[in-house]
file my_file-v3.txt (compact mmCIF, C-alpha atoms)
# COMPACT_ATOMS: atom_id res chain seq x y z
CA MET Y 21 0.00 0.00 0.00
CA SER Y 22 1.75 3.15 -1.24
CA ILE Y 23 0.21 5.65 1.15
CA GLY Y 24 1.54 8.80 2.77
CA ILE Y 25 0.15 10.50 5.86
CA ARG Y 26 0.38 14.25 6.47
CA LEU Y 27 -1.47 17.03 8.23
CA ALA Y 28 -4.53 18.32 6.42
CA ARG Y 29 -4.61 21.76 4.85
CA PRO Y 30 -7.58 23.89 3.75
CA PRO Y 31 -6.86 23.09 0.05
CA ASP Y 32 -7.65 19.45 0.92
CA ALA Y 33 -11.24 20.48 1.62
CA PRO Y 34 -12.68 19.50 -1.81
CA ALA Y 35 -11.27 15.97 -1.58
CA ILE Y 36 -12.31 15.57 2.06
CA THR Y 37 -15.79 16.86 1.26
CA ALA Y 38 -16.11 14.33 -1.58
CA ILE Y 39 -15.10 11.46 0.72
CA TYR Y 40 -17.47 12.54 3.47
CA ALA Y 41 -20.57 13.39 1.43
CA PRO Y 42 -21.68 9.78 0.76
CA TYR Y 43 -21.56 9.04 4.50
CA VAL Y 44 -24.12 11.82 4.91
CA THR Y 45 -26.36 11.16 1.92
CA GLU Y 46 -26.25 7.36 1.74
CA THR Y 47 -25.74 6.10 5.31
CA VAL Y 48 -26.56 6.74 8.95
CA ILE Y 49 -22.88 6.59 9.91
CA SER Y 50 -22.98 10.39 10.00
CA PHE Y 51 -25.94 12.07 11.68
CA GLU Y 52 -25.60 15.13 9.47
CA MET Y 53 -28.48 15.48 7.00
CA ILE Y 54 -26.87 17.75 4.41
CA PRO Y 55 -23.21 17.40 3.37
CA PRO Y 56 -21.05 20.39 4.28
CA THR Y 57 -19.86 22.66 1.52
CA VAL Y 58 -16.20 22.85 0.58
CA ASP Y 59 -15.96 26.23 2.35
CA GLU Y 60 -17.51 24.76 5.49
CA MET Y 61 -15.12 21.81 5.42
CA ALA Y 62 -12.15 24.15 5.05
CA ARG Y 63 -13.42 26.07 8.09
CA ARG Y 64 -13.72 22.82 10.07
CA ILE Y 65 -10.16 21.85 9.20
CA GLU Y 66 -8.77 25.20 10.32
CA THR Y 67 -10.88 25.27 13.51
CA THR Y 68 -9.91 21.72 14.48
CA MET Y 69 -6.21 22.23 13.84
CA ALA Y 70 -6.06 25.23 16.14
CA GLN Y 71 -5.92 22.54 18.84
CA PHE Y 72 -6.06 18.99 17.46
CA PRO Y 73 -4.52 16.93 14.64
CA TRP Y 74 -6.40 16.35 11.39
CA LEU Y 75 -4.59 13.88 9.15
CA VAL Y 76 -5.05 12.91 5.52
CA ALA Y 77 -3.93 9.74 3.78
CA ILE Y 78 -2.68 10.33 0.27
CA GLU Y 79 -1.97 8.02 -2.65
CA GLY Y 80 0.25 10.07 -4.90
CA ASP Y 81 -1.44 13.46 -4.70
CA VAL Y 82 -4.93 12.09 -4.07
CA VAL Y 83 -6.55 12.20 -0.64
CA VAL Y 84 -8.09 8.77 0.02
CA GLY Y 85 -8.96 9.04 3.72
CA TYR Y 86 -8.72 11.22 6.78
CA ALA Y 87 -8.89 11.13 10.57
CA TYR Y 88 -9.12 13.84 13.18
CA ALA Y 89 -9.61 14.48 16.89
CA GLY Y 90 -11.75 16.96 18.76
CA LYS Y 91 -13.00 17.95 22.18
CA HIS Y 92 -14.86 15.32 24.15
CA SER Y 93 -16.70 18.09 26.00
CA GLU Y 94 -16.37 21.81 26.64
CA ARG Y 95 -16.07 21.45 30.45
CA ALA Y 96 -12.52 22.02 31.70
CA ALA Y 97 -12.19 18.72 33.54
CA TYR Y 98 -12.68 16.85 30.24
CA GLN Y 99 -9.68 18.50 28.57
CA TRP Y 100 -7.49 15.36 28.70
CA SER Y 101 -10.10 13.37 26.74
CA THR Y 102 -10.68 13.53 23.01
CA ASP Y 103 -13.13 12.15 20.45
CA VAL Y 104 -11.79 10.70 17.19
CA SER Y 105 -13.24 9.98 13.76
CA VAL Y 106 -11.95 8.37 10.58
CA TYR Y 107 -13.45 8.35 7.07
CA LEU Y 108 -12.16 6.53 3.99
CA HIS Y 109 -12.84 6.61 0.29
CA ASN Y 110 -15.01 3.60 -0.52
CA ALA Y 111 -12.22 1.92 -2.51
CA TRP Y 112 -9.99 1.85 0.58
CA HIS Y 113 -12.28 0.06 3.01
CA GLY Y 114 -10.87 -3.16 4.43
CA ARG Y 115 -7.26 -2.45 3.46
CA GLY Y 116 -5.84 -1.33 6.81
CA LEU Y 117 -5.92 2.38 6.07
CA GLY Y 118 -8.16 3.24 9.02
CA ARG Y 119 -5.70 1.60 11.39
CA THR Y 120 -2.78 3.41 9.73
CA LEU Y 121 -4.47 6.78 10.19
CA TYR Y 122 -5.53 6.06 13.77
CA SER Y 123 -2.07 4.80 14.74
CA ALA Y 124 -0.51 8.09 13.66
CA LEU Y 125 -3.31 10.17 15.17
CA PHE Y 126 -3.13 8.39 18.54
CA ALA Y 127 0.65 8.83 18.71
CA MET Y 128 0.27 12.56 18.10
CA LEU Y 129 -2.44 12.82 20.75
CA ARG Y 130 -0.16 11.11 23.28
CA ALA Y 131 2.60 13.58 22.50
CA LEU Y 132 0.18 16.48 22.99
CA GLY Y 133 -0.74 15.18 26.44
CA TYR Y 134 -4.14 13.57 25.92
CA VAL Y 135 -5.00 10.64 28.18
CA ASN Y 136 -8.27 9.14 26.90
CA VAL Y 137 -9.70 8.62 23.44
CA TYR Y 138 -13.36 8.00 22.56
CA GLY Y 139 -15.16 6.91 19.42
CA GLY Y 140 -18.90 7.06 18.76
CA ILE Y 141 -20.33 4.54 16.28
CA THR Y 142 -23.84 4.40 14.83
CA LEU Y 143 -24.97 0.80 15.30
CA PRO Y 144 -24.76 -1.67 13.72
CA ASN Y 145 -21.38 -1.08 12.09
CA PRO Y 146 -19.14 -4.14 12.51
CA ALA Y 147 -16.31 -2.71 10.42
CA SER Y 148 -16.00 0.40 12.59
CA VAL Y 149 -16.39 -1.63 15.79
CA GLY Y 150 -13.60 -3.92 14.58
CA LEU Y 151 -11.30 -0.99 13.83
CA HIS Y 152 -11.82 0.69 17.20
CA GLU Y 153 -11.36 -2.53 19.12
CA ALA Y 154 -8.23 -3.36 17.10
CA MET Y 155 -6.90 0.00 18.32
CA GLY Y 156 -7.47 -1.05 21.94
CA LEU Y 157 -10.78 0.70 22.61
CA ILE Y 158 -13.47 -1.12 24.58
CA PRO Y 159 -17.26 -0.61 24.57
CA VAL Y 160 -18.48 1.53 27.46
CA GLY Y 161 -22.14 2.14 26.66
CA VAL Y 162 -24.88 2.79 24.15
CA TYR Y 163 -27.09 5.84 23.61
CA HIS Y 164 -30.32 4.13 22.60
CA HIS Y 165 -32.51 5.74 19.91
CA VAL Y 166 -30.43 8.91 20.13
CA GLY Y 167 -30.68 9.91 16.47
CA TYR Y 168 -33.46 9.89 13.86
CA LYS Y 169 -32.48 9.68 10.21
CA TYR Y 170 -34.02 8.15 7.08
CA GLY Y 171 -37.22 7.19 8.84
CA ALA Y 172 -35.75 5.29 11.77
CA TRP Y 173 -34.27 5.78 15.23
CA HIS Y 174 -30.62 4.80 15.65
CA ASP Y 175 -28.37 3.79 18.55
CA VAL Y 176 -24.84 5.11 19.02
CA GLY Y 177 -22.30 2.99 20.86
CA TRP Y 178 -19.29 4.51 22.58
CA TRP Y 179 -15.82 3.01 22.75
CA GLN Y 180 -13.02 4.24 25.04
CA GLY Y 181 -9.29 3.60 25.16
CA PRO Y 182 -6.28 4.84 27.13
CA LEU Y 183 -3.63 6.84 25.35
CA GLN Y 184 -1.27 6.78 28.32
CA ASP Y 185 -1.15 6.07 32.03
CA LEU Y 186 -3.10 8.17 34.49
CA VAL Y 187 -1.06 10.56 36.63
CA ASP Y 188 -1.93 12.91 39.45
CA ASP Y 189 -2.00 16.63 38.62
CA PRO Y 190 -1.50 16.26 34.82
CA ASN Y 191 -0.32 19.19 32.73
CA PRO Y 192 -2.92 20.56 30.31
CA PRO Y 193 -2.63 19.19 26.77
CA CYS Y 194 -0.71 21.28 24.24
CA ALA Y 195 -2.26 22.77 21.14
CA LEU Y 196 -0.98 21.08 17.99
CA PHE Y 197 1.29 23.85 16.71
CA ASN Y 198 2.38 24.97 20.17
CA LEU Y 199 4.27 21.70 20.51
CA ALA Y 200 5.79 21.62 17.03
CA PRO Y 201 5.38 23.46 13.70
CA ARG Y 202 3.65 21.87 10.73
CA ASP Y 203 6.84 20.84 8.96
CA THR Y 204 8.10 18.99 12.06
CA TRP Y 205 4.84 17.07 12.35
CA ASP Y 206 4.84 16.26 8.62
CA ALA Y 207 8.45 15.08 8.81
CA TRP Y 208 7.53 12.72 11.64
CA LEU Y 209 4.51 11.45 9.72
CA GLN Y 210 6.81 10.58 6.82
CA ASN Y 211 9.22 8.71 9.11
CA ARG Y 212 7.47 7.38 12.19
CA ASN Y 213 10.57 5.48 13.31
CA VAL Y 214 11.85 8.67 14.96
CA PRO Y 215 10.41 9.67 18.34
CA LEU Y 216 7.98 12.53 18.67
CA LEU Y 217 9.01 15.63 20.55
CA ALA Y 218 8.75 15.50 24.32
CA ARG Y 219 6.25 17.92 25.78
CA PRO Y 220 7.76 20.99 27.49

call {"tool": "encode", "arguments": {"input": "my_file-v3.txt", "output": "structure tokens"}}
result
Amino acid sequence: MSIGIRLARPPDAPAITAIYAPYVTETVISFEMIPPTVDEMARRIETTMAQFPWLVAIEGDVVVGYAYAGKHSERAAYQWSTDVSVYLHNAWHGRGLGRTLYSALFAMLRALGYVNVYGGITLPNPASVGLHEAMGLIPVGVYHHVGYKYGAWHDVGWWQGPLQDLVDDPNPPCALFNLAPRDTWDAWLQNRNVPLLARP
């Protein structure tokens, strides 16, 4: 699999929008009803990356998948926990790309100081459940009938995993570019045999 991983940029928004739109219009995997515009997706990328990683997988120059993290909740005591999502072009399902993206994303989140990672999955979705459990997440509960789309009520299961050991009095997580500039992150993503920067 000739795939590269790098940080997303606003010019990736058209490709990311094209990957995401079928999840909105053809499935209940996403609870959005209308796909975001390219401008809205570019705004989401920039807003997310003010704090969290957003990664794209590329084959040549073509974006074929992406993964990102975000706040688990606005309350201050939740700041060490993060929600994650991954979306792939249909042709790349079942080829290990989701795990590749998550592996890089989780490593970056550890370096930034996050402790817990959570994934929400519209049920049933055995492929997504398999991916999250392969990454070490375990089921912690189900929101029953929490969303209504395409004429039916849907459950969302939640999976949780540790990114690192619990410590007393943890330092707040770093924002993505406060720990390292874009080119340093991209260099690490190209050669993940080198250690990530230690947090200050």

call {"tool": "atom_distance", "arguments": {"input": "my_file-v3.txt", "atom1": "CA of Val83 in chain Y", "atom2": "CA of Ala33 in chain Y"}}
result
9.8 Å

call {"tool": "atom_distance", "arguments": {"input": "my_file-v3.txt", "atom1": "CA of Met53 in chain Y", "atom2": "CA of Tyr170 in chain Y"}}
result
9.2 Å

call {"tool": "residues_around", "arguments": {"input": "my_file-v3.txt", "residues": "Gly116 in chain Y", "least_positions_apart": "5", "cutoff": "12 Å", "atoms": "all atoms listed in the file", "output": "list in words"}}
result
Met21, Ser22, Ile23, Ala77, Gly85, Leu108, Ala111, Leu121, Tyr122, Ser123, Ala147, Ser148, Gly150, Leu151, Ala154 and Met155 of chain Y

call {"tool": "closest_residue", "arguments": {"input": "my_file-v3.txt", "among": "Y:Tyr134, Y:Glu60, Y:Tyr98, Y:Asp175", "to": "Val187 in chain Y", "atoms": "all atoms listed in the file"}}
result
Y:Tyr134

call {"tool": "closest_residue", "arguments": {"input": "my_file-v3.txt", "among": "Y:Ala28, Y:Val84, Y:Leu143, Y:Ala41", "to": "Trp173 in chain Y", "atoms": "only C-alpha atoms"}}
result
Y:Leu143

call {"tool": "atom_distance", "arguments": {"input": "my_file-v3.txt", "atom1": "CA of Tyr107 in chain Y", "atom2": "CA of Leu186 in chain Y"}}
result
29.3 Å

call {"tool": "residues_around", "arguments": {"input": "my_file-v3.txt", "residues": "Leu209 in chain Y", "least_positions_apart": "5", "cutoff": "12 Å", "atoms": "all atoms listed in the file", "output": "PDB file with C-alpha atoms, in the frame of the given file"}}
result
ATOM      1  CA  ILE Y  23       0.210   5.650   1.150  1.00  0.00           C
ATOM      2  CA  GLY Y  24       1.540   8.800   2.770  1.00  0.00           C
ATOM      3  CA  ILE Y  25       0.150  10.500   5.860  1.00  0.00           C
ATOM      4  CA  ARG Y  26       0.380  14.250   6.470  1.00  0.00           C
ATOM      5  CA  LEU Y  27      -1.470  17.030   8.230  1.00  0.00           C
ATOM      6  CA  ALA Y  28      -4.530  18.320   6.420  1.00  0.00           C
ATOM      7  CA  PRO Y  73      -4.520  16.930  14.640  1.00  0.00           C
ATOM      8  CA  LEU Y  75      -4.590  13.880   9.150  1.00  0.00           C
ATOM      9  CA  VAL Y  76      -5.050  12.910   5.520  1.00  0.00           C
ATOM     10  CA  ALA Y  77      -3.930   9.740   3.780  1.00  0.00           C
ATOM     11  CA  ILE Y  78      -2.680  10.330   0.270  1.00  0.00           C
ATOM     12  CA  THR Y 120      -2.780   3.410   9.730  1.00  0.00           C
ATOM     13  CA  LEU Y 121      -4.470   6.780  10.190  1.00  0.00           C
ATOM     14  CA  SER Y 123      -2.070   4.800  14.740  1.00  0.00           C
ATOM     15  CA  ALA Y 124      -0.510   8.090  13.660  1.00  0.00           C
ATOM     16  CA  LEU Y 125      -3.310  10.170  15.170  1.00  0.00           C
ATOM     17  CA  ALA Y 127       0.650   8.830  18.710  1.00  0.00           C
ATOM     18  CA  MET Y 128       0.270  12.560  18.100  1.00  0.00           C
ATOM     19  CA  ARG Y 202       3.650  21.870  10.730  1.00  0.00           C
ATOM     20  CA  ASP Y 203       6.840  20.840   8.960  1.00  0.00           C
ATOM     21  CA  THR Y 204       8.100  18.990  12.060  1.00  0.00           C
ATOM     22  CA  VAL Y 214      11.850   8.670  14.960  1.00  0.00           C
ATOM     23  CA  PRO Y 215      10.410   9.670  18.340  1.00  0.00           C
ATOM     24  CA  LEU Y 216       7.980  12.530  18.670  1.00  0.00           C
TER      25      LEU Y 216
END

call {"tool": "closest_residue", "arguments": {"input": "my_file-v3.txt", "among": "Y:Gly156, Y:Ala87, Y:Asn110, Y:Gln180", "to": "Pro42 in chain Y", "atoms": "all atoms listed in the file"}}
result
Y:Asn110

call {"tool": "closest_residue", "arguments": {"input": "my_file-v3.txt", "among": "Y:His109, Y:His164, Y:Arg119, Y:Lys91", "to": "Asn136 in chain Y", "atoms": "only C-alpha atoms"}}
result
Y:Lys91

call {"tool": "residues_near_point", "arguments": {"input": "my_file-v3.txt", "point": "(-1.7, 12.8, 26.3)", "cutoff": "10 Å", "atoms": "only C-alpha atoms", "output": "PDB file with C-alpha atoms, in the frame of the given file"}}
result
ATOM      1  CA  TRP Y 100      -7.490  15.360  28.700  1.00  0.00           C
ATOM      2  CA  SER Y 101     -10.100  13.370  26.740  1.00  0.00           C
ATOM      3  CA  THR Y 102     -10.680  13.530  23.010  1.00  0.00           C
ATOM      4  CA  PHE Y 126      -3.130   8.390  18.540  1.00  0.00           C
ATOM      5  CA  ALA Y 127       0.650   8.830  18.710  1.00  0.00           C
ATOM      6  CA  MET Y 128       0.270  12.560  18.100  1.00  0.00           C
ATOM      7  CA  LEU Y 129      -2.440  12.820  20.750  1.00  0.00           C
ATOM      8  CA  ARG Y 130      -0.160  11.110  23.280  1.00  0.00           C
ATOM      9  CA  ALA Y 131       2.600  13.580  22.500  1.00  0.00           C
ATOM     10  CA  LEU Y 132       0.180  16.480  22.990  1.00  0.00           C
ATOM     11  CA  GLY Y 133      -0.740  15.180  26.440  1.00  0.00           C
ATOM     12  CA  TYR Y 134      -4.140  13.570  25.920  1.00  0.00           C
ATOM     13  CA  VAL Y 135      -5.000  10.640  28.180  1.00  0.00           C
ATOM     14  CA  ASN Y 136      -8.270   9.140  26.900  1.00  0.00           C
ATOM     15  CA  VAL Y 137      -9.700   8.620  23.440  1.00  0.00           C
ATOM     16  CA  PRO Y 182      -6.280   4.840  27.130  1.00  0.00           C
ATOM     17  CA  LEU Y 183      -3.630   6.840  25.350  1.00  0.00           C
ATOM     18  CA  GLN Y 184      -1.270   6.780  28.320  1.00  0.00           C
ATOM     19  CA  ASP Y 185      -1.150   6.070  32.030  1.00  0.00           C
ATOM     20  CA  LEU Y 186      -3.100   8.170  34.490  1.00  0.00           C
ATOM     21  CA  PRO Y 190      -1.500  16.260  34.820  1.00  0.00           C
ATOM     22  CA  ASN Y 191      -0.320  19.190  32.730  1.00  0.00           C
ATOM     23  CA  PRO Y 192      -2.920  20.560  30.310  1.00  0.00           C
ATOM     24  CA  PRO Y 193      -2.630  19.190  26.770  1.00  0.00           C
ATOM     25  CA  CYS Y 194      -0.710  21.280  24.240  1.00  0.00           C
ATOM     26  CA  ARG Y 219       6.250  17.920  25.780  1.00  0.00           C
TER      27      ARG Y 219
END

call {"tool": "residues_around", "arguments": {"input": "my_file-v3.txt", "residues": "Thr68 in chain Y", "least_positions_apart": "5", "cutoff": "9 Å", "atoms": "only C-alpha atoms", "output": "PDB file with C-alpha atoms, in the coordinates of the input"}}
result
ATOM      1  CA  ARG Y  63     -13.420  26.070   8.090  1.00  0.00           C
ATOM      2  CA  PRO Y  73      -4.520  16.930  14.640  1.00  0.00           C
ATOM      3  CA  TRP Y  74      -6.400  16.350  11.390  1.00  0.00           C
ATOM      4  CA  TYR Y  88      -9.120  13.840  13.180  1.00  0.00           C
ATOM      5  CA  ALA Y  89      -9.610  14.480  16.890  1.00  0.00           C
ATOM      6  CA  GLY Y  90     -11.750  16.960  18.760  1.00  0.00           C
TER       7      GLY Y  90
END

call {"tool": "residues_around", "arguments": {"input": "my_file-v3.txt", "residues": "Pro34 in chain Y", "least_positions_apart": "4", "cutoff": "8 Å", "atoms": "all atoms listed in the file", "output": "PDB file with C-alpha atoms, in the coordinates of the input"}}
result
ATOM      1  CA  ALA Y  38     -16.110  14.330  -1.580  1.00  0.00           C
ATOM      2  CA  VAL Y  58     -16.200  22.850   0.580  1.00  0.00           C
ATOM      3  CA  MET Y  61     -15.120  21.810   5.420  1.00  0.00           C
TER       4      MET Y  61
END

call {"tool": "closest_residue", "arguments": {"input": "my_file-v3.txt", "among": "Y:Thr57, Y:Asn145, Y:Ser105, Y:Asn198", "to": "Tyr86 in chain Y", "atoms": "only C-alpha atoms"}}
result
Y:Ser105

call {"tool": "closest_residue", "arguments": {"input": "my_file-v3.txt", "among": "Y:Lys169, Y:Ala96, Y:His174, Y:Ile141", "to": "Glu52 in chain Y", "atoms": "all atoms listed in the file"}}
result
Y:Lys169
